[in-house]
$ cat structure.cif   # mmCIF, C-alpha atoms
data_structure
loop_
_atom_site.label_atom_id
_atom_site.label_comp_id
_atom_site.auth_asym_id
_atom_site.auth_seq_id
_atom_site.Cartn_x
_atom_site.Cartn_y
_atom_site.Cartn_z
CA MET A 73 -20.64 -11.01 -9.25
CA LEU A 74 -16.91 -11.02 -9.97
CA SER A 75 -16.82 -7.26 -9.59
CA ILE A 76 -18.23 -7.57 -6.03
CA ILE A 77 -15.49 -10.06 -5.11
CA VAL A 78 -12.78 -7.81 -6.57
CA ALA A 79 -14.36 -4.83 -4.76
CA LEU A 80 -14.34 -6.69 -1.42
CA ALA A 81 -10.73 -7.81 -1.89
CA PHE A 82 -9.75 -4.25 -2.74
CA GLY A 83 -11.75 -2.95 0.24
CA VAL A 84 -9.93 -5.33 2.61
CA PHE A 85 -6.58 -4.23 1.23
CA ALA A 86 -7.54 -0.54 1.37
CA SER A 87 -8.82 -0.73 4.92
CA TRP A 88 -5.63 -2.57 6.00
CA LEU A 89 -3.55 0.07 4.18
CA LEU A 90 -5.32 2.91 6.01
CA ARG A 91 -4.87 1.25 9.41
CA ASN A 92 -1.26 0.39 8.69
CA LEU A 93 -0.42 3.91 7.49
CA ALA A 94 -1.87 5.32 10.72
CA ALA A 95 0.20 2.77 12.68
CA ARG A 96 3.41 3.55 10.79
CA ALA A 97 2.88 7.28 11.31
CA GLU A 98 2.79 6.62 15.07
CA GLY A 99 5.82 4.27 14.92
CA ARG A 100 3.76 1.13 15.51
CA VAL A 101 3.87 -2.19 13.68
CA GLY A 102 0.20 -2.23 12.71
CA PRO A 103 -2.26 -5.07 12.10
CA PRO A 104 -1.59 -8.06 9.81
CA LEU A 105 -2.86 -7.95 6.21
CA LEU A 106 -5.92 -10.16 6.73
CA GLN A 107 -7.05 -8.33 9.91
CA PRO A 108 -10.17 -6.77 8.26
CA VAL A 109 -11.23 -10.28 7.10
CA TRP A 110 -10.90 -11.71 10.63
CA ASP A 111 -12.85 -8.74 11.99
CA ILE A 112 -15.72 -9.24 9.55
CA ILE A 113 -15.90 -13.02 10.15
CA LYS A 114 -15.85 -12.49 13.92
CA LEU A 115 -18.60 -9.87 13.75
CA LEU A 116 -20.76 -12.11 11.54
CA SER A 117 -20.40 -14.97 14.04
CA LYS A 118 -21.47 -12.81 17.00
CA GLY A 119 -25.09 -12.19 17.83
CA SER A 120 -26.68 -8.76 17.77
CA VAL A 121 -27.86 -7.09 20.97
CA GLY A 122 -29.89 -3.95 21.49
CA ASN A 123 -32.67 -2.42 19.45
CA VAL A 124 -31.40 -1.38 16.03
CA ALA A 125 -33.38 -1.11 12.82
CA VAL A 126 -31.54 -3.95 11.06
CA VAL A 127 -33.07 -3.14 7.69
CA LEU A 128 -31.45 0.32 7.40
CA PRO A 129 -27.78 -0.83 7.39
CA LEU A 130 -28.86 -3.62 5.03
CA ILE A 131 -30.38 -1.13 2.56
CA SER A 132 -27.23 0.95 2.88
CA LEU A 133 -25.09 -2.10 2.01
CA LEU A 134 -27.30 -3.08 -0.92
CA LEU A 135 -27.16 0.44 -2.35
CA VAL A 136 -23.35 0.40 -2.30
CA VAL A 137 -23.40 -3.05 -3.94
CA PHE A 138 -25.65 -1.54 -6.62
CA ALA A 139 -23.18 1.34 -7.10
CA VAL A 140 -20.28 -1.12 -7.44
CA LEU A 141 -22.22 -3.16 -10.03
CA ASN A 142 -22.77 0.02 -12.07
CA LEU A 143 -19.11 1.01 -12.08
CA PRO A 144 -16.94 0.09 -15.09
CA PHE A 145 -15.33 -3.32 -14.61
CA MET A 146 -12.72 -5.01 -16.83
CA ASP A 147 -14.06 -4.67 -20.41
CA ASN A 148 -17.52 -3.68 -19.25
CA TRP A 149 -18.25 0.05 -19.56
CA GLY A 150 -20.64 -0.01 -16.62
CA GLY A 151 -23.80 2.02 -16.30
CA ASP A 152 -24.38 5.67 -15.71
CA LEU A 153 -22.63 8.18 -13.47
CA ILE A 154 -25.96 9.48 -12.10
CA VAL A 155 -26.96 6.02 -10.83
CA VAL A 156 -23.64 5.59 -9.02
CA LEU A 157 -23.81 9.06 -7.46
CA TYR A 158 -27.42 8.50 -6.42
CA SER A 159 -26.80 5.13 -4.78
CA LEU A 160 -23.68 6.31 -2.94
CA THR A 161 -25.56 9.34 -1.57
CA ALA A 162 -28.61 7.30 -0.60
CA SER A 163 -26.36 4.77 1.13
CA SER A 164 -24.80 7.36 3.43
CA ILE A 165 -28.24 8.87 4.11
CA PHE A 166 -29.53 5.44 5.20
CA THR A 167 -26.55 4.98 7.53
CA THR A 168 -27.37 8.36 9.04
CA ILE A 169 -31.03 7.42 9.53
CA ALA A 170 -29.97 4.15 11.19
CA GLY A 171 -27.94 6.21 13.64
CA VAL A 172 -30.68 8.73 14.32
CA VAL A 173 -33.46 6.20 14.97
CA SER A 174 -31.46 4.11 17.47
CA SER A 175 -31.84 4.77 21.17
CA SER A 176 -28.36 6.02 22.05
CA PRO A 177 -27.83 9.80 22.33
CA PHE A 178 -24.30 9.36 20.94
CA SER A 179 -25.55 7.79 17.75
CA ARG A 180 -28.21 10.48 17.37
CA MET A 181 -25.62 13.22 17.73
CA GLY A 182 -23.26 11.38 15.39
CA GLY A 183 -26.08 10.94 12.90
CA SER A 184 -26.98 14.61 12.87
CA ARG A 185 -23.31 15.56 12.50
CA GLU A 186 -22.95 13.12 9.63
CA LEU A 187 -26.04 14.55 7.95
CA GLN A 188 -24.62 18.08 8.10
CA GLN A 189 -21.26 16.96 6.74
CA THR A 190 -22.67 14.60 4.12
CA LEU A 191 -24.92 17.24 2.55
CA LEU A 192 -21.94 19.52 1.81
CA ALA A 193 -19.66 16.64 0.84
CA GLU A 194 -22.23 15.32 -1.65
CA LEU A 195 -22.60 18.76 -3.24
CA LEU A 196 -18.83 18.94 -3.68
CA PHE A 197 -18.64 15.37 -4.96
CA ILE A 198 -21.33 15.93 -7.59
CA ALA A 199 -19.90 19.32 -8.61
CA SER A 200 -16.44 17.85 -9.15
CA CYS A 201 -17.87 14.95 -11.16
CA PHE A 202 -19.83 17.31 -13.36
CA SER A 203 -16.79 19.10 -14.73
CA VAL A 204 -16.12 15.87 -16.61
CA VAL A 205 -19.78 15.57 -17.57
CA VAL A 206 -19.72 19.11 -19.04
CA LEU A 207 -16.68 18.13 -21.13
CA ALA A 208 -18.04 14.81 -22.32
CA GLY A 209 -21.61 16.05 -22.77
CA SER A 210 -23.08 12.90 -21.26
CA THR A 211 -23.28 11.13 -17.92
CA SER A 212 -22.72 7.55 -19.11
CA PHE A 213 -19.29 6.07 -18.46
CA GLN A 214 -19.11 4.95 -22.08
CA SER A 215 -19.43 8.51 -23.43
CA ILE A 216 -16.86 9.76 -20.93
CA GLY A 217 -14.47 7.01 -22.10
CA ILE A 218 -15.10 7.84 -25.75
CA TYR A 219 -14.54 11.54 -25.02
CA TYR A 220 -11.09 10.79 -23.54
CA MET A 221 -10.24 8.56 -26.51
CA THR A 222 -11.13 11.21 -29.06
CA HIS A 223 -10.09 14.43 -27.31
CA GLY A 224 -7.21 13.55 -25.00
CA TYR A 225 -6.76 14.99 -21.55
CA ASN A 226 -7.83 18.44 -20.31
CA LEU A 227 -5.30 19.77 -17.80
CA PHE A 228 -7.96 21.80 -15.95
CA LEU A 229 -9.41 18.53 -14.70
CA ILE A 230 -6.52 18.14 -12.25
CA PHE A 231 -8.15 20.88 -10.11
CA SER A 232 -11.49 19.06 -10.16
CA PHE A 233 -9.62 15.91 -9.18
CA ILE A 234 -8.20 17.68 -6.11
CA ALA A 235 -11.73 18.80 -5.18
CA MET A 236 -12.84 15.18 -5.64
CA LEU A 237 -10.13 14.00 -3.22
CA VAL A 238 -11.45 16.40 -0.57
CA ALA A 239 -14.98 15.11 -1.17
CA CYS A 240 -13.82 11.48 -0.89
CA GLN A 241 -12.05 12.24 2.38
CA ALA A 242 -15.25 13.79 3.77
CA LYS A 243 -17.52 11.02 2.46
CA LEU A 244 -15.28 8.31 3.92
CA ARG A 245 -15.15 10.15 7.28
CA LYS A 246 -11.35 10.10 7.52
CA ALA A 247 -9.46 12.78 9.45
CA PRO A 248 -9.64 15.79 9.22
CA PHE A 249 -13.31 15.09 8.36
CA ASP A 250 -13.93 12.41 11.01
CA ILE A 251 -16.46 14.58 12.85
CA PRO A 252 -19.41 12.07 12.68
CA ASP A 253 -17.49 9.30 14.47
CA ALA A 254 -15.06 11.26 16.61
CA ASN A 255 -14.63 8.64 19.32
CA VAL A 256 -13.85 10.94 22.24
CA GLU A 257 -16.92 13.08 21.52
CA VAL A 258 -19.72 10.89 20.16
CA ALA A 259 -18.45 7.31 20.86
CA ALA A 260 -18.69 5.47 17.53
CA GLY A 261 -21.10 7.94 15.90
CA PRO A 262 -24.08 6.47 14.01
CA ALA A 263 -22.63 2.95 14.54
CA THR A 264 -22.68 3.19 18.36
CA GLU A 265 -25.67 0.87 18.75
CA PHE A 266 -24.65 -1.61 16.04
CA SER A 267 -23.29 -4.95 17.19
CA GLY A 268 -22.55 -8.35 15.70
CA TYR A 269 -23.76 -8.86 12.14
CA VAL A 270 -25.32 -5.38 11.93
CA LEU A 271 -21.88 -3.88 12.58
CA ALA A 272 -20.44 -6.32 10.03
CA MET A 273 -22.86 -4.91 7.43
CA HIS A 274 -21.74 -1.39 8.36
CA GLU A 275 -18.06 -2.37 7.97
CA LEU A 276 -18.76 -4.07 4.62
CA THR A 277 -20.51 -0.91 3.42
CA TYR A 278 -17.43 1.08 4.36
CA MET A 279 -15.12 -1.38 2.59
CA LEU A 280 -17.16 -1.24 -0.61
CA GLU A 281 -17.17 2.57 -0.41
CA LEU A 282 -13.37 2.41 -0.10
CA TYR A 283 -13.45 0.65 -3.48
CA ALA A 284 -16.23 2.61 -5.19
CA LEU A 285 -15.11 6.19 -4.53
CA PRO A 286 -11.41 5.99 -5.62
CA VAL A 287 -12.24 3.75 -8.61
CA LEU A 288 -14.97 6.19 -9.68
CA ALA A 289 -12.52 9.09 -9.33
CA SER A 290 -9.79 7.39 -11.34
CA PHE A 291 -12.24 6.29 -14.03
CA ILE A 292 -13.88 9.62 -14.69
CA PHE A 293 -10.74 11.76 -14.30
CA PHE A 294 -8.21 9.50 -16.02
CA ARG A 295 -9.97 7.09 -18.35
CA MET A 296 -7.62 4.09 -18.25
CA ASN A 297 -7.77 0.33 -18.42
CA TYR A 298 -9.02 -1.48 -15.32
CA ALA A 299 -5.66 -2.57 -13.86
CA ALA A 300 -4.29 0.97 -14.09
CA ALA A 301 -7.45 2.31 -12.45
CA LEU A 302 -6.99 -0.09 -9.52
CA LEU A 303 -3.37 1.04 -9.18
CA ALA A 304 -4.45 4.68 -9.28
CA SER A 305 -7.08 3.90 -6.62
CA ILE A 306 -4.40 2.46 -4.35
CA ILE A 307 -2.40 5.68 -4.81
CA ILE A 308 -5.54 7.70 -3.94
CA ILE A 309 -6.07 5.58 -0.80
CA PHE A 310 -2.40 6.11 0.07
CA ILE A 311 -2.77 9.91 -0.24
CA MET A 312 -5.94 9.77 1.89
CA GLY A 313 -4.17 7.67 4.53
CA ILE A 314 -1.26 10.12 4.73
CA ALA A 315 -3.70 13.04 5.00
CA ALA A 316 -5.68 11.24 7.71
CA ALA A 317 -2.59 10.34 9.72
CA SER A 318 -1.09 13.84 9.60
CA ASN A 319 -4.14 15.99 10.30
CA ALA A 320 -6.12 16.88 13.40
CA ARG A 321 -9.90 16.86 13.32
CA PHE A 322 -11.70 19.94 11.97
CA SER A 323 -14.54 21.43 13.93
CA LEU A 324 -17.90 21.12 12.18
CA LYS A 325 -17.79 24.83 11.33
CA THR A 326 -14.32 24.64 9.76
CA ALA A 327 -15.20 21.48 7.87
CA SER A 328 -18.34 23.15 6.47
CA LYS A 329 -16.26 26.16 5.39
CA VAL A 330 -13.59 24.02 3.73
CA LEU A 331 -16.17 21.90 1.92
CA PHE A 332 -18.18 24.94 0.82
CA PHE A 333 -15.20 26.86 -0.54
CA THR A 334 -13.92 23.77 -2.35
CA PHE A 335 -17.42 23.45 -3.81
CA ILE A 336 -17.30 27.06 -5.10
CA PHE A 337 -13.79 26.39 -6.47
CA SER A 338 -15.02 23.26 -8.20
CA LEU A 339 -17.96 25.14 -9.75
CA MET A 340 -15.52 27.80 -11.02
CA ILE A 341 -13.37 25.14 -12.64
CA THR A 342 -16.45 23.65 -14.30
CA ALA A 343 -17.44 27.12 -15.57
CA LEU A 344 -13.91 27.74 -16.92
CA ILE A 345 -13.93 24.39 -18.71
CA TYR A 346 -17.36 25.19 -20.18
CA ILE A 347 -16.33 28.69 -21.36
CA GLY A 348 -13.00 27.39 -22.66
CA GLY A 349 -14.84 24.70 -24.55
CA ARG A 350 -17.17 27.30 -26.09
CA PHE A 351 -14.29 29.40 -27.40
CA TYR A 352 -11.79 26.75 -28.41
CA GLY A 353 -14.17 24.08 -29.57
CA THR A 354 -13.24 21.24 -27.25
CA PHE A 355 -16.77 21.25 -25.84
CA VAL A 356 -18.90 18.59 -27.45
CA MET B 129 -17.39 -22.90 8.57
CA SER B 130 -16.28 -25.34 11.25
CA GLY B 131 -16.46 -24.43 14.91
CA SER B 132 -12.76 -24.79 15.74
CA MET B 133 -11.79 -22.59 12.79
CA LEU B 134 -14.30 -19.97 13.90
CA LYS B 135 -12.81 -20.04 17.40
CA ARG B 136 -9.34 -19.46 15.96
CA ILE B 137 -10.63 -16.51 13.95
CA ILE B 138 -12.41 -14.97 16.96
CA LYS B 139 -9.07 -15.04 18.81
CA LYS B 140 -7.46 -13.05 16.01
CA SER B 141 -9.72 -10.05 16.45
CA PRO B 142 -10.43 -9.18 20.10
CA TRP B 143 -11.92 -5.72 20.45
CA VAL B 144 -11.46 -4.05 23.82
CA TYR B 145 -13.68 -1.56 25.61
CA LEU B 146 -11.96 0.43 28.37
CA LEU B 147 -14.04 1.13 31.45
CA GLY B 148 -12.70 3.26 34.29
CA LEU B 149 -14.68 3.08 37.54
CA ALA B 150 -13.94 4.89 40.82
CA GLY B 151 -10.16 4.53 40.80
CA CYS B 152 -7.28 6.94 41.23
CA ASN B 153 -6.61 7.20 37.44
CA GLY B 154 -3.27 5.41 37.82
CA CYS B 155 -4.51 2.28 36.04
CA ASP B 156 -6.07 4.44 33.30
CA ILE B 157 -2.67 5.91 32.56
CA GLU B 158 -1.03 2.48 32.46
CA ILE B 159 -3.80 1.12 30.20
CA ILE B 160 -3.27 4.02 27.80
CA ALA B 161 0.47 3.21 27.90
CA THR B 162 -0.42 -0.38 26.95
CA VAL B 163 -2.21 0.63 23.76
CA CYS B 164 0.54 3.11 22.83
CA PRO B 165 3.29 2.40 20.24
CA ARG B 166 5.80 0.76 22.63
CA LEU B 167 3.79 -2.46 23.03
CA ASP B 168 1.28 -1.98 20.16
CA PRO B 169 -1.49 -4.54 20.83
CA GLU B 170 -2.92 -3.84 17.36
CA ARG B 171 -0.43 -6.35 15.92
CA LEU B 172 -2.44 -8.99 17.87
CA GLY B 173 -5.62 -7.62 16.32
CA VAL B 174 -6.63 -5.75 19.47
CA LYS B 175 -8.64 -2.66 18.66
CA VAL B 176 -9.83 -0.20 21.30
CA VAL B 177 -13.47 0.47 20.43
CA SER B 178 -15.57 3.32 21.74
CA SER B 179 -18.86 1.47 22.27
CA PRO B 180 -19.46 -1.61 24.46
CA ARG B 181 -21.74 -2.97 21.74
CA HIS B 182 -18.68 -3.61 19.53
CA ALA B 183 -16.44 -5.12 22.21
CA ASP B 184 -15.38 -8.69 23.06
CA ILE B 185 -13.23 -7.84 26.09
CA LEU B 186 -14.23 -5.46 28.89
CA LEU B 187 -11.14 -3.99 30.54
CA VAL B 188 -12.30 -2.74 33.96
CA ASN B 189 -10.21 -0.73 36.38
CA GLY B 190 -11.10 1.00 39.64
CA ALA B 191 -13.35 0.22 42.59
CA VAL B 192 -17.14 0.05 42.48
CA ASN B 193 -18.92 2.76 44.43
CA LYS B 194 -22.67 3.09 44.91
CA LYS B 195 -23.16 5.33 41.85
CA LEU B 196 -21.24 3.07 39.47
CA LYS B 197 -22.86 -0.24 40.44
CA LYS B 198 -25.69 0.07 37.92
CA PRO B 199 -23.64 1.47 34.97
CA LEU B 200 -21.14 -1.41 35.30
CA LYS B 201 -23.92 -4.00 35.05
CA GLU B 202 -25.56 -2.12 32.18
CA ILE B 203 -22.34 -1.86 30.17
CA TYR B 204 -21.67 -5.57 30.68
CA ASP B 205 -25.19 -6.39 29.47
CA GLN B 206 -24.73 -4.21 26.40
CA MET B 207 -21.88 -6.39 25.12
CA ALA B 208 -22.68 -9.17 22.64
CA GLU B 209 -21.72 -12.78 23.40
CA PRO B 210 -19.01 -14.12 23.61
CA LYS B 211 -17.52 -11.69 26.14
CA VAL B 212 -14.71 -11.73 28.71
CA VAL B 213 -14.00 -9.34 31.59
CA VAL B 214 -10.45 -8.40 32.62
CA ALA B 215 -10.05 -6.64 35.97
CA VAL B 216 -6.97 -4.40 36.00
CA GLY B 217 -5.35 -3.34 39.28
CA SER B 218 -5.92 -3.95 42.97
CA CYS B 219 -9.04 -1.76 43.04
CA ALA B 220 -10.86 -3.89 40.49
CA ALA B 221 -9.78 -7.09 42.30
CA SER B 222 -10.62 -6.11 45.89
CA ASN B 223 -11.44 -2.36 45.98
CA GLY B 224 -7.79 -1.91 47.12
CA PRO B 225 -7.13 1.10 49.34
CA PHE B 226 -10.75 2.25 49.05
CA ARG B 227 -12.16 -0.96 50.57
CA GLU B 228 -13.37 0.56 53.85
CA CYS B 229 -14.65 3.80 52.31
CA TYR B 230 -18.19 4.88 53.18
CA ASN B 231 -19.26 5.15 49.51
CA MET B 232 -18.11 1.73 48.32
CA ALA B 233 -20.76 -0.77 47.21
CA CYS B 234 -19.08 -4.06 46.35
CA ARG B 235 -16.28 -5.64 44.31
CA VAL B 236 -16.32 -5.85 40.51
CA ASP B 237 -16.62 -9.66 40.51
CA GLU B 238 -19.79 -9.53 42.60
CA ILE B 239 -21.55 -7.78 39.68
CA VAL B 240 -19.95 -9.20 36.53
CA PRO B 241 -18.07 -12.51 36.08
CA VAL B 242 -14.36 -11.66 35.96
CA SER B 243 -12.11 -14.09 34.07
CA ILE B 244 -8.67 -12.51 34.47
CA TYR B 245 -7.29 -10.43 37.35
CA VAL B 246 -4.19 -8.32 36.65
CA PRO B 247 -2.71 -7.50 40.08
CA GLY B 248 -0.66 -4.40 40.88
CA CYS B 249 -1.26 -0.84 41.98
CA PRO B 250 -0.98 0.09 39.17
CA PRO B 251 0.16 -2.94 37.11
CA ARG B 252 2.89 -2.51 34.49
CA PRO B 253 1.72 -2.16 30.83
CA HIS B 254 3.43 -5.50 30.09
CA ALA B 255 1.29 -7.18 32.74
CA ILE B 256 -1.88 -5.64 31.28
CA LEU B 257 -0.92 -6.85 27.80
CA TYR B 258 -0.26 -10.32 29.25
CA GLY B 259 -3.72 -10.20 30.83
CA ILE B 260 -5.31 -9.22 27.50
CA LYS B 261 -3.47 -12.11 25.80
CA LYS B 262 -4.77 -14.52 28.47
CA ALA B 263 -8.27 -13.16 27.96
CA ILE B 264 -7.98 -13.64 24.19
CA ASP B 265 -7.27 -17.33 24.83
CA MET B 266 -10.41 -17.54 26.98
CA VAL B 267 -12.81 -16.04 24.39
CA GLU B 268 -15.00 -18.84 23.05
#

$ encode --input "structure.cif" --output "structure tokens"
Amino acid sequence: MLSIIVALAFGVFASWLLRNLAARAEGRVGPPLLQPVWDIIKLLSKGSVGNVAVVLPLISLLLVVFAVLNLPFMDNWGGDLIVVLYSLTASSIFTTIAGVVSSSPFSRMGGSRELQQTLLAELLFIASCFSVVVLAGSTSFQSIGIYYMTHGYNLFLIFSFIAMLVACQAKLRKAPFDIPDANVEVAAGPATEFSGYVLAMHELTYMLELYALPVLASFIFFRMNYAAALLASIIIIFIMGIAAASNARFSLKTASKVLFFTFIFSLMITALIYIGGRFYGTFV
Amino acid sequence: MSGSMLKRIIKKSPWVYLLGLAGCNGCDIEIIATVCPRLDPERLGVKVVSSPRHADILLVNGAVNKKLKKPLKEIYDQMAEPKVVVAVGSCAASNGPFRECYNMACRVDEIVPVSIYVPGCPPRPHAILYGIKKAIDMVE
């Protein structure tokens, strides 16, 4: 329960940081710190109009909550990497379905774009996570932590970490990967038909993802204590905000190419780590 | 949560949907200048959203011709309560220079209830921001 509250607080801060970085890059003042909180409360107090399958954004939100509960928290080692990856993937698939089944052509188009992008981004995300899994020989967070304690850091992992940053950028739909909700092309993407509390659920899902992805990255790539992981996550969000503010949107073709080649790169790094481990004995 | 507190919070996060009807594009340019860095309405919590379903304030500019009568009504109906309409420019207030045109249907306020009129052809960005601020105070 406490981890959800910390995750929400972090999500509010992260979403403010992203908006403020974009504002500062344009020479604006930007919104106040509690702006995401006011937005969520306002959306929850409004009614919902239109025909939207309310249950799909709800499932999406619950899956992210499940992922957050399985992440390491404070002294708790958390659950298993596979569970977290599975729930995060399923969550974005459910958001996509919610877009595709609603009656607006914009949300259908946004949904199909998101599906195309998500499939490649998930591949990349899983491939970059698995370089750590190959090293540690297990998918549970505890074994990964124990591996770092006993073996120290493998410098090759920095390349996997860069691949992970690209995957996070694509999964969080920030520029240059903001193709699914490019507002001049497909209105608000899959969320076009959401209003009131349904939109609030969508925003909460996004906020929890803003917590889950960077914390997951900092935990599996640099096994640290919890406070340091949160600090590292803020640095990751900062890097993502700078990248989003200083890049134009990719076309779907370019984004697919970038994601695919980063995926191949990530697989190569995993193979190098595996072979290196075989010859030099760091592989468990 | 108490009602008065909720009202205060709603006023901190007004989301605006921009709707351009049959105008000359002058007001569009001034509205874009309003949301640009010089005045920066985002510090008031204003966010320009790209779907009427998300919006609290409908910022209309331009006259209503026969083709746009139905879309205007539809877009207003797509917004969730509470909602406020701001009419920007002379065209939105009275169809302006296009009043006697053969293709004009009616004024904006004959179709949707307009709360704030921002006069001018086109109005200054400061005036539009003042209109948005007035509209924020009217959201209940």

$ closest_residue --input "structure.cif" --among "A:Leu324, A:Ala272, A:Ile169, A:Leu195" --to "chain B" --atoms "all atoms listed in the file"
A:Ala272

$ atom_distance --input "structure.cif" --atom1 "CA of Val256 in chain A" --atom2 "CA of Thr162 in chain B"
18.2 Å

$ interface_residues --input "structure.cif" --of "chain B" --to "chain A" --cutoff "8 Å" --atoms "only C-alpha atoms" --output "compact mmCIF listing (two decimals) with C-alpha atoms, in the coordinates of the input"
# COMPACT_ATOMS: atom_id res chain seq x y z
CA LEU B 134 -14.30 -19.97 13.90
CA ILE B 137 -10.63 -16.51 13.95
CA ILE B 138 -12.41 -14.97 16.96
CA LYS B 140 -7.46 -13.05 16.01
CA SER B 141 -9.72 -10.05 16.45
CA PRO B 165 3.29 2.40 20.24
CA ARG B 166 5.80 0.76 22.63
CA ASP B 168 1.28 -1.98 20.16
CA GLU B 170 -2.92 -3.84 17.36
CA ARG B 171 -0.43 -6.35 15.92
CA LEU B 172 -2.44 -8.99 17.87
CA GLY B 173 -5.62 -7.62 16.32
CA VAL B 177 -13.47 0.47 20.43
CA SER B 178 -15.57 3.32 21.74
CA SER B 179 -18.86 1.47 22.27
CA ARG B 181 -21.74 -2.97 21.74
CA HIS B 182 -18.68 -3.61 19.53
CA GLN B 206 -24.73 -4.21 26.40
CA MET B 207 -21.88 -6.39 25.12
CA ALA B 208 -22.68 -9.17 22.64
CA GLU B 209 -21.72 -12.78 23.40
CA PRO B 210 -19.01 -14.12 23.61

$ residues_near_point --input "structure.cif" --point "(-4.6, 0.6, 29.9)" --cutoff "12 Å" --atoms "all atoms listed in the file" --output "number ranges by chain"
B: 144-148, 153-164, 167-169, 176, 186-190, 214-217, 246, 250-260

$ atom_distance --input "structure.cif" --atom1 "CA of Ala304 in chain A" --atom2 "CA of Glu186 in chain A"
27.8 Å

$ axis_aligned_box --input "structure.cif" --around "range 197-211 of chain B" --padding-each-side "6 Å" --output "lines of an AutoDock Vina configuration file"
center_x = -21.6
center_y = -6.3
center_z = 31.5
size_x = 20.2
size_y = 27.6
size_z = 29.8

$ atom_distance --input "structure.cif" --atom1 "CA of Leu339 in chain A" --atom2 "CA of Leu229 in chain A"
11.9 Å

$ resolve_selection --input "structure.cif" --expression "the PyMOL selection byres ((chain A and resi 81) around 12)" --output "PyMOL selection string"
chain A and resi 74-80+82-88+105-106+108-109+276+279-280+282-283+302

$ resolve_selection --input "structure.cif" --expression "the PyMOL selection byres ((chain A and resi 241) around 12)" --output "PyMOL selection string"
chain A and resi 189-190+193-194+196-197+234-240+242-251+281-282+285-286+308-316+319+327+330-331

$ write_last_selection --input "structure.cif" --atoms "C-alpha atoms" --output "PDB file, in the coordinates of the input"
ATOM      1  CA  GLN A 189     -21.260  16.960   6.740  1.00  0.00           C
ATOM      2  CA  THR A 190     -22.670  14.600   4.120  1.00  0.00           C
ATOM      3  CA  ALA A 193     -19.660  16.640   0.840  1.00  0.00           C
ATOM      4  CA  GLU A 194     -22.230  15.320  -1.650  1.00  0.00           C
ATOM      5  CA  LEU A 196     -18.830  18.940  -3.680  1.00  0.00           C
ATOM      6  CA  PHE A 197     -18.640  15.370  -4.960  1.00  0.00           C
ATOM      7  CA  ILE A 234      -8.200  17.680  -6.110  1.00  0.00           C
ATOM      8  CA  ALA A 235     -11.730  18.800  -5.180  1.00  0.00           C
ATOM      9  CA  MET A 236     -12.840  15.180  -5.640  1.00  0.00           C
ATOM     10  CA  LEU A 237     -10.130  14.000  -3.220  1.00  0.00           C
ATOM     11  CA  VAL A 238     -11.450  16.400  -0.570  1.00  0.00           C
ATOM     12  CA  ALA A 239     -14.980  15.110  -1.170  1.00  0.00           C
ATOM     13  CA  CYS A 240     -13.820  11.480  -0.890  1.00  0.00           C
ATOM     14  CA  ALA A 242     -15.250  13.790   3.770  1.00  0.00           C
ATOM     15  CA  LYS A 243     -17.520  11.020   2.460  1.00  0.00           C
ATOM     16  CA  LEU A 244     -15.280   8.310   3.920  1.00  0.00           C
ATOM     17  CA  ARG A 245     -15.150  10.150   7.280  1.00  0.00           C
ATOM     18  CA  LYS A 246     -11.350  10.100   7.520  1.00  0.00           C
ATOM     19  CA  ALA A 247      -9.460  12.780   9.450  1.00  0.00           C
ATOM     20  CA  PRO A 248      -9.640  15.790   9.220  1.00  0.00           C
ATOM     21  CA  PHE A 249     -13.310  15.090   8.360  1.00  0.00           C
ATOM     22  CA  ASP A 250     -13.930  12.410  11.010  1.00  0.00           C
ATOM     23  CA  ILE A 251     -16.460  14.580  12.850  1.00  0.00           C
ATOM     24  CA  GLU A 281     -17.170   2.570  -0.410  1.00  0.00           C
ATOM     25  CA  LEU A 282     -13.370   2.410  -0.100  1.00  0.00           C
ATOM     26  CA  LEU A 285     -15.110   6.190  -4.530  1.00  0.00           C
ATOM     27  CA  PRO A 286     -11.410   5.990  -5.620  1.00  0.00           C
ATOM     28  CA  ILE A 308      -5.540   7.700  -3.940  1.00  0.00           C
ATOM     29  CA  ILE A 309      -6.070   5.580  -0.800  1.00  0.00           C
ATOM     30  CA  PHE A 310      -2.400   6.110   0.070  1.00  0.00           C
ATOM     31  CA  ILE A 311      -2.770   9.910  -0.240  1.00  0.00           C
ATOM     32  CA  MET A 312      -5.940   9.770   1.890  1.00  0.00           C
ATOM     33  CA  GLY A 313      -4.170   7.670   4.530  1.00  0.00           C
ATOM     34  CA  ILE A 314      -1.260  10.120   4.730  1.00  0.00           C
ATOM     35  CA  ALA A 315      -3.700  13.040   5.000  1.00  0.00           C
ATOM     36  CA  ALA A 316      -5.680  11.240   7.710  1.00  0.00           C
ATOM     37  CA  ASN A 319      -4.140  15.990  10.300  1.00  0.00           C
ATOM     38  CA  ALA A 327     -15.200  21.480   7.870  1.00  0.00           C
ATOM     39  CA  VAL A 330     -13.590  24.020   3.730  1.00  0.00           C
ATOM     40  CA  LEU A 331     -16.170  21.900   1.920  1.00  0.00           C
TER      41      LEU A 331
END

$ resolve_selection --input "structure.cif" --expression "the PyMOL selection byres ((chain A and resi 209) around 12)" --output "PyMOL selection string"
chain A and resi 202-208+210-220+346+349+354-356

$ closest_residue --input "structure.cif" --among "B:Pro142, B:Gly131, B:Pro247, B:Gly224" --to "Met266 in chain B" --atoms "all atoms listed in the file"
B:Pro142

$ closest_residue --input "structure.cif" --among "A:Thr222, A:Ser232, A:Ser318, A:Asn297" --to "Ala94 in chain A" --atoms "all atoms listed in the file"
A:Ser318
